Every structure is written in structure tokens, then in C-alpha cells.
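Asks: Structure: run-v8.cif, mmCIF, C-alpha atoms and all ligand atoms.
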```
data_entry
loop_
_atom_site.label_atom_id
_atom_site.label_comp_id
_atom_site.auth_asym_id
_atom_site.auth_seq_id
_atom_site.Cartn_x
_atom_site.Cartn_y
_atom_site.Cartn_z
CA MET T 1 3.68 -16.00 -18.01
CA SER T 2 5.53 -12.70 -17.74
CA LEU T 3 4.53 -9.73 -15.67
CA VAL T 4 5.61 -6.10 -15.95
CA LEU T 5 5.20 -3.49 -13.21
CA TYR T 6 5.30 0.20 -14.07
CA ASP T 7 6.62 1.49 -10.82
CA ALA T 8 7.97 4.51 -8.94
CA PRO T 9 10.00 3.97 -5.76
CA ARG T 10 8.48 6.93 -3.93
CA CYS T 11 4.88 5.92 -4.71
CA PRO T 12 3.09 4.26 -1.75
CA TYR T 13 0.47 2.79 -4.09
CA CYS T 14 3.28 1.08 -6.02
CA ALA T 15 4.67 -0.09 -2.67
CA ARG T 16 1.47 -2.06 -2.11
CA VAL T 17 2.07 -3.95 -5.33
CA ARG T 18 5.81 -4.41 -4.68
CA ILE T 19 5.02 -5.95 -1.28
CA VAL T 20 2.39 -8.37 -2.65
CA LEU T 21 4.78 -9.44 -5.43
CA ALA T 22 7.55 -10.03 -2.89
CA GLU T 23 5.31 -11.92 -0.45
CA LYS T 24 4.22 -14.26 -3.21
CA GLY T 25 7.68 -14.58 -4.75
CA ILE T 26 6.38 -13.48 -8.16
CA GLU T 27 8.98 -12.66 -10.79
CA VAL T 28 8.36 -9.31 -12.40
CA ASP T 29 10.05 -6.95 -14.85
CA VAL T 30 10.05 -3.47 -13.38
CA VAL T 31 9.86 -0.36 -15.53
CA GLU T 32 10.62 2.69 -13.43
CA ILE T 33 8.58 5.79 -14.25
CA ASP T 34 9.96 9.23 -13.47
CA LEU T 35 6.90 10.89 -11.93
CA SER T 36 8.31 14.38 -12.47
CA ASP T 37 8.76 13.68 -16.19
CA ARG T 38 6.25 11.01 -17.11
CA PRO T 39 6.49 9.45 -20.56
CA GLU T 40 3.47 10.15 -22.79
CA TRP T 41 2.96 6.43 -23.38
CA ILE T 42 2.01 5.87 -19.72
CA TYR T 43 -1.42 7.38 -20.64
CA GLU T 44 -1.94 4.44 -23.01
CA LYS T 45 -1.46 2.11 -20.04
CA ASN T 46 -3.56 4.22 -17.66
CA PRO T 47 -5.63 7.15 -18.93
CA LYS T 48 -5.03 8.84 -15.57
CA GLY T 49 -1.26 8.69 -16.17
CA ARG T 50 -0.65 7.15 -12.77
CA VAL T 51 1.39 4.25 -11.48
CA PRO T 52 1.24 1.44 -10.50
CA VAL T 53 0.19 -0.42 -13.62
CA VAL T 54 0.80 -4.11 -14.21
CA GLU T 55 0.74 -5.90 -17.51
CA GLU T 56 0.58 -9.63 -18.05
CA ASP T 57 2.01 -10.93 -21.34
CA ASP T 58 -0.09 -9.21 -24.01
CA GLY T 59 -3.00 -8.65 -21.64
CA PRO T 60 -4.56 -5.26 -21.02
CA PRO T 61 -2.70 -2.94 -18.64
CA LEU T 62 -4.19 -3.00 -15.16
CA PRO T 63 -4.00 0.17 -13.02
CA GLU T 64 -5.27 0.87 -9.47
CA SER T 65 -3.29 -0.64 -6.62
CA ALA T 66 -6.29 -2.10 -4.75
CA VAL T 67 -7.47 -3.86 -7.91
CA ILE T 68 -3.95 -5.06 -8.71
CA MET T 69 -3.54 -6.52 -5.21
CA GLU T 70 -6.74 -8.54 -5.60
CA PHE T 71 -5.74 -9.60 -9.11
CA LEU T 72 -2.38 -10.89 -7.84
CA GLU T 73 -4.12 -12.66 -4.96
CA GLU T 74 -6.37 -14.49 -7.42
CA ARG T 75 -3.72 -15.20 -10.04
CA TYR T 76 -1.14 -16.35 -7.47
CA PRO T 77 -3.16 -17.71 -4.53
CA GLU T 78 -0.13 -18.87 -2.51
CA PRO T 79 0.57 -17.79 0.13
CA PRO T 80 -2.93 -16.44 0.71
CA LEU T 81 -3.14 -12.80 1.75
CA LEU T 82 -6.91 -12.68 2.29
CA PRO T 83 -8.77 -14.56 5.05
CA THR T 84 -10.93 -17.51 4.00
CA ASP T 85 -14.20 -16.45 5.61
CA PRO T 86 -16.29 -14.18 3.32
CA ALA T 87 -17.19 -11.83 6.19
CA ASP T 88 -13.51 -11.48 7.12
CA ARG T 89 -12.62 -10.89 3.47
CA ALA T 90 -15.31 -8.23 3.24
CA ALA T 91 -13.94 -6.53 6.38
CA VAL T 92 -10.48 -6.38 4.77
CA ARG T 93 -11.94 -4.95 1.55
CA LEU T 94 -13.86 -2.35 3.55
CA LEU T 95 -10.68 -1.21 5.30
CA ILE T 96 -8.89 -0.91 1.97
CA PHE T 97 -11.89 0.87 0.39
CA ARG T 98 -11.67 3.43 3.20
CA ASP T 99 -7.93 4.05 2.91
CA HIS T 100 -8.66 7.78 2.66
CA ASP T 101 -9.38 7.71 6.39
CA PHE T 102 -5.59 7.59 6.77
CA THR T 103 -4.21 8.90 3.49
CA ASP T 104 -6.23 12.16 3.57
CA PRO T 105 -4.80 13.33 6.93
CA TYR T 106 -1.38 12.03 5.84
CA TYR T 107 -1.36 14.15 2.65
CA ASP T 108 -2.93 17.14 4.47
CA PHE T 109 -0.09 16.95 7.01
CA ARG T 110 2.51 16.61 4.27
CA ARG T 111 1.10 19.76 2.62
CA GLY T 112 1.24 21.56 5.97
CA GLU T 113 -2.50 22.25 6.07
CA ASP T 114 -4.08 23.82 9.14
CA GLY T 115 -5.28 21.25 11.68
CA ALA T 116 -3.69 18.38 9.78
CA ALA T 117 -1.44 17.33 12.68
CA GLU T 118 -4.54 16.87 14.84
CA ARG T 119 -6.35 14.97 12.09
CA LEU T 120 -3.35 12.68 11.56
CA ASP T 121 -3.09 12.14 15.32
CA ALA T 122 -6.77 11.22 15.46
CA ALA T 123 -6.35 8.76 12.57
CA LEU T 124 -3.32 7.20 14.28
CA GLY T 125 -5.40 6.91 17.45
CA ARG T 126 -8.13 5.02 15.57
CA PHE T 127 -5.61 2.58 14.12
CA ASP T 128 -3.94 2.21 17.50
CA ALA T 129 -7.29 1.25 19.03
CA LEU T 130 -7.93 -1.26 16.26
CA LEU T 131 -4.48 -2.82 16.67
CA ARG T 132 -4.95 -3.07 20.43
CA GLU T 133 -7.72 -5.61 19.71
CA ARG T 134 -5.93 -7.68 17.06
CA PRO T 135 -2.38 -8.26 15.84
CA TYR T 136 -3.05 -7.34 12.21
CA LEU T 137 -5.45 -4.94 10.54
CA GLY T 138 -7.38 -7.82 8.97
CA GLY T 139 -7.56 -9.86 12.17
CA THR T 140 -5.33 -12.68 13.38
CA GLU T 141 -3.38 -13.07 10.13
CA TYR T 142 -1.14 -10.70 8.21
CA GLY T 143 -2.47 -9.83 4.76
CA LEU T 144 -3.74 -7.34 2.23
CA ALA T 145 -5.15 -4.88 4.79
CA ASP T 146 -1.69 -4.50 6.37
CA ILE T 147 -0.03 -4.28 2.98
CA ALA T 148 -2.54 -1.65 1.82
CA TYR T 149 -1.74 0.69 4.73
CA VAL T 150 1.87 0.04 5.70
CA PRO T 151 3.41 2.19 2.92
CA TRP T 152 1.88 5.34 4.47
CA PHE T 153 2.75 4.36 8.04
CA LEU T 154 6.40 3.78 7.06
CA ARG T 155 6.48 7.12 5.26
CA ALA T 156 4.74 8.92 8.13
CA ARG T 157 7.31 7.60 10.59
CA ASP T 158 10.45 7.75 8.45
CA MET T 159 9.81 10.70 6.12
CA LEU T 160 7.38 12.95 7.98
CA GLY T 161 9.01 12.25 11.35
CA ILE T 162 5.76 11.24 13.05
CA ASP T 163 6.49 10.04 16.57
CA LEU T 164 4.69 6.77 17.33
CA VAL T 165 5.49 6.82 21.05
CA GLY T 166 1.87 7.61 21.91
CA PHE T 167 0.64 4.89 19.56
CA SER T 168 2.33 1.80 20.93
CA SER T 169 0.05 -0.71 19.19
CA VAL T 170 0.80 0.90 15.82
CA ALA T 171 4.53 0.95 16.66
CA ASP T 172 4.44 -2.74 17.66
CA TRP T 173 2.51 -3.64 14.52
CA LEU T 174 5.07 -1.82 12.35
CA ARG T 175 7.93 -3.61 14.13
CA ARG T 176 6.19 -6.96 13.59
CA LEU T 177 5.64 -6.17 9.93
CA GLU T 178 9.25 -5.10 9.42
CA GLU T 179 10.38 -8.57 10.46
CA ARG T 180 8.98 -9.72 7.12
CA PRO T 181 11.55 -9.46 4.32
CA ALA T 182 9.01 -7.91 1.91
CA ILE T 183 8.30 -5.06 4.33
CA ALA T 184 11.96 -4.68 5.35
CA VAL T 185 12.84 -4.13 1.68
CA GLU T 186 10.12 -1.47 1.45
CA ALA T 187 11.42 0.24 4.61
CA GLY T 188 14.83 0.31 2.89
CA ILE T 189 13.31 1.94 -0.21
CA VAL T 190 11.71 4.58 2.02
CA ALA T 191 15.02 5.19 3.82
CA ALA T 192 16.71 5.84 0.48
CA LEU T 193 14.11 8.35 -0.77
N1 LIG P 201 -5.72 5.25 -7.02
C1 LIG P 201 -4.41 4.99 -7.56
C2 LIG P 201 -3.47 6.11 -7.14
C3 LIG P 201 -2.10 5.99 -7.79
C4 LIG P 201 -1.33 7.30 -7.66
O1 LIG P 201 -1.85 8.34 -7.21
N2 LIG P 201 -0.07 7.23 -8.07
C5 LIG P 201 0.74 8.45 -8.06
C6 LIG P 201 2.13 8.21 -7.53
S1 LIG P 201 2.08 7.83 -5.83
C7 LIG P 201 0.90 8.96 -9.47
O2 LIG P 201 1.09 8.20 -10.39
N3 LIG P 201 0.81 10.28 -9.58
C8 LIG P 201 0.96 10.95 -10.84
C9 LIG P 201 -0.22 11.85 -11.04
O3 LIG P 201 -1.16 11.88 -10.26
O4 LIG P 201 -0.20 12.53 -12.04
C10 LIG P 201 -3.92 3.62 -7.09
O5 LIG P 201 -4.38 3.15 -6.04
O6 LIG P 201 -3.09 2.99 -7.78
#
```
Could you render the structure as C-alpha cells?
Replies:
Amino acid sequence: MSLVLYDAPRCPYCARVRIVLAEKGIEVDVVEIDLSDRPEWIYEKNPKGRVPVVEEDDGPPLPESAVIMEFLEERYPEPPLLPTDPADRAAVRLLIFRDHDFTDPYYDFRRGEDGAAERLDAALGRFDALLRERPYLGGTEYGLADIAYVPWFLRARDMLGIDLVGFSSVADWLRRLEERPAIAVEAGIVAAL
């Protein structure tokens, strides 16, 4: 079965999919989309014109990074990236569903909006508190919750210059994640942007 990913290196939503593919060792053909000059045909794959999109053989194109992550988890169950207990799985899905809790302040800060630095600081503080209680966002095991958020944390640190000194649990979590080859590759992509 062949898989195609319509991808853009700078896109953190695409990064989610790249990381899941790498963690599971899934072979994929990558078609890079220039986001500043998108081809018209991308709207046939996703009416919103956004990446990521994945396509399996002649199957329908599948957009939306959170949906794609779950699809890959079900299609390629090994190694598992969701906990086994339904309540734990639901907690991971809830975190991913509420990704705007971090991405909104991140984008506000990137746009230089008033008060955004404080909002981003507050969001970092909430994640720091969470990661003080557990090693990974989803609990004791690394998985989709970490993958869903790490693209923005890497970009916040390495592109927006956010200092994580006051958020030692977040900094430790990032260091732990970067020991994984899939995340190290993504950190390299961010460094090259
Ligand atoms: N909700 C989508 C968001 C994807 C998204 O916003 N992708 C951006 C690149 S990071 C994009 O394609 N932007 C082009 C546009 O919005 O026109 C997902 O999770 O996949």
C-alpha cells in the first residue's frame, strides 16, 4: 500500500504527521507544497487548501492533522502511540482537541499582538505544571499528545526565541523528546527554516 503526504516543512501541523510516520517507520512519498504559491489542485485534495493531506493508493485525500494522526495510529498500530485504557485515550484526545490553548497564544505572540507574551507565558506555565506531574503529556508514555504539541514548542523555543528557563518541566520534556530520532529530525527541520 502506498502513501503520499502533501507537506510543507514550515507547517507545524505537517510536523505532527511527519513525526507519526517516522515513529512508526512508515514509508511515504512526500510532495512538498509551496505555501506562498499553492497549486490550484491542492483544493481538490482539501477544499480549505491546507496541508497536511495524506492519500492512500487511490483512496480519498485525508486532511486535518489530528484526524490523520488517528488514522495512521489505526492503520499502523505498531508501535502504539495511544494508551490502552479508554479513559487515558480520551484524555489524550481532549488535550489534542484543545490545542488552541497553546497555539492561539503562540500565533498571537508571533503576530506581535498586545498582551500575547503574557498569554504565552501563562500557557507555558500550565504545561509546565502538567509536566511536573507526569513525564509525558498523555501520562507515563510518550505518544500522540506529545507529538500534537511538540511542533509549536520547538518553534517557540527555536524560532520565536522563547526562553524556557522558567519552565524547567517543559524544558526537560523537550530534551527528553529530542532524544527520539523522529523529534530530532523535526528539530533539524525547524533549525533550517
Ligand atoms: N486544522 C488543520 C490546519 C492546517 C494548516 O493550517 N496548515 C497551514 C500550514 S501550517 C496551511 O496549509 N495554510 C495555508 C492556508 O491557510 O491557506 C490541520 O490540523 O491540519
Asks: Kindly provide the residues of region 54-162 of chain T that approach region 16-40 of chain T to within 8 Å, each paired with its closest atom pair and their distance in Å to one decimal, based on all atoms listed in the file, listed by chain and increasing number, as a tab-separated table.
Replies:
```
residue	atom	partner	partner_atom	distance
T:Ser65	CA	T:Val17	CA	6.4
T:Ile68	CA	T:Val17	CA	7.0
T:Met69	CA	T:Val17	CA	6.2
T:Leu72	CA	T:Val20	CA	7.5
T:Tyr76	CA	T:Lys24	CA	7.2
T:Glu78	CA	T:Lys24	CA	6.4
T:Pro79	CA	T:Lys24	CA	6.1
T:Leu144	CA	T:Val20	CA	7.9
T:Ile147	CA	T:Arg16	CA	5.8
T:Ala148	CA	T:Arg16	CA	5.6
T:Pro151	CA	T:Arg16	CA	6.9
```
Asks: For ligand LIG 201 (chain P), which of T:Arg75, T:Arg89, T:Trp152, T:Gly143 is the closest residue, counting all atoms listed in the file?
Replies: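 With all atoms listed in the file as the atom set, the closest residue is T:Trp152.
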Asks: Considering only C-alpha atoms, return as an MDAnalysis selection string whatever protein or nucleic-acid residues lie within 12 Å of region 157-161 of chain T, sequence-local ones (same chain, fewer than 2 positions apart) excluded.
Replies: chainID T and resid 10 106:112 117 120 124 150:155 163:165 167 170:171 174:175 186:193
Asks: Would you write out those residues with C-alpha atoms, as an mmCIF file, keeping the file's coordinate frame?
Replies:
```
data_model
loop_
_atom_site.group_PDB
_atom_site.id
_atom_site.type_symbol
_atom_site.label_atom_id
_atom_site.label_comp_id
_atom_site.auth_asym_id
_atom_site.auth_seq_id
_atom_site.Cartn_x
_atom_site.Cartn_y
_atom_site.Cartn_z
ATOM 1 C CA ARG T 10 8.480 6.930 -3.930
ATOM 2 C CA TYR T 106 -1.380 12.030 5.840
ATOM 3 C CA TYR T 107 -1.360 14.150 2.650
ATOM 4 C CA ASP T 108 -2.930 17.140 4.470
ATOM 5 C CA PHE T 109 -0.090 16.950 7.010
ATOM 6 C CA ARG T 110 2.510 16.610 4.270
ATOM 7 C CA ARG T 111 1.100 19.760 2.620
ATOM 8 C CA GLY T 112 1.240 21.560 5.970
ATOM 9 C CA ALA T 117 -1.440 17.330 12.680
ATOM 10 C CA LEU T 120 -3.350 12.680 11.560
ATOM 11 C CA LEU T 124 -3.320 7.200 14.280
ATOM 12 C CA VAL T 150 1.870 0.040 5.700
ATOM 13 C CA PRO T 151 3.410 2.190 2.920
ATOM 14 C CA TRP T 152 1.880 5.340 4.470
ATOM 15 C CA PHE T 153 2.750 4.360 8.040
ATOM 16 C CA LEU T 154 6.400 3.780 7.060
ATOM 17 C CA ARG T 155 6.480 7.120 5.260
ATOM 18 C CA ASP T 163 6.490 10.040 16.570
ATOM 19 C CA LEU T 164 4.690 6.770 17.330
ATOM 20 C CA VAL T 165 5.490 6.820 21.050
ATOM 21 C CA PHE T 167 0.640 4.890 19.560
ATOM 22 C CA VAL T 170 0.800 0.900 15.820
ATOM 23 C CA ALA T 171 4.530 0.950 16.660
ATOM 24 C CA LEU T 174 5.070 -1.820 12.350
ATOM 25 C CA ARG T 175 7.930 -3.610 14.130
ATOM 26 C CA GLU T 186 10.120 -1.470 1.450
ATOM 27 C CA ALA T 187 11.420 0.240 4.610
ATOM 28 C CA GLY T 188 14.830 0.310 2.890
ATOM 29 C CA ILE T 189 13.310 1.940 -0.210
ATOM 30 C CA VAL T 190 11.710 4.580 2.020
ATOM 31 C CA ALA T 191 15.020 5.190 3.820
ATOM 32 C CA ALA T 192 16.710 5.840 0.480
ATOM 33 C CA LEU T 193 14.110 8.350 -0.770
#
```
Asks: Measuring atom to atom with all atoms listed in the file, identify which of T:Pro47, T:Pro52, T:Pro77, T:Pro9 is nearest to ligand LIG 201 (chain P).
Replies: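 Among the listed residues, T:Pro52 lies closest to ligand LIG 201 (chain P).
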Asks: Residues at most 7 Å from ligand LIG 201 (chain P), using all atoms listed in the file? Could they come as JSON, numbers by chain?
Replies: {"T": [10, 11, 12, 13, 14, 35, 49, 50, 51, 52, 63, 64, 65, 66]}
Asks: Would you work out the distance separating CA of Asp57 (chain T) from CA of Leu3 (chain T), expressed in Å to one decimal?
Replies: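 Spanning CA of Asp57 (chain T) to CA of Leu3 (chain T) is a straight-line distance of 6.3 Å.
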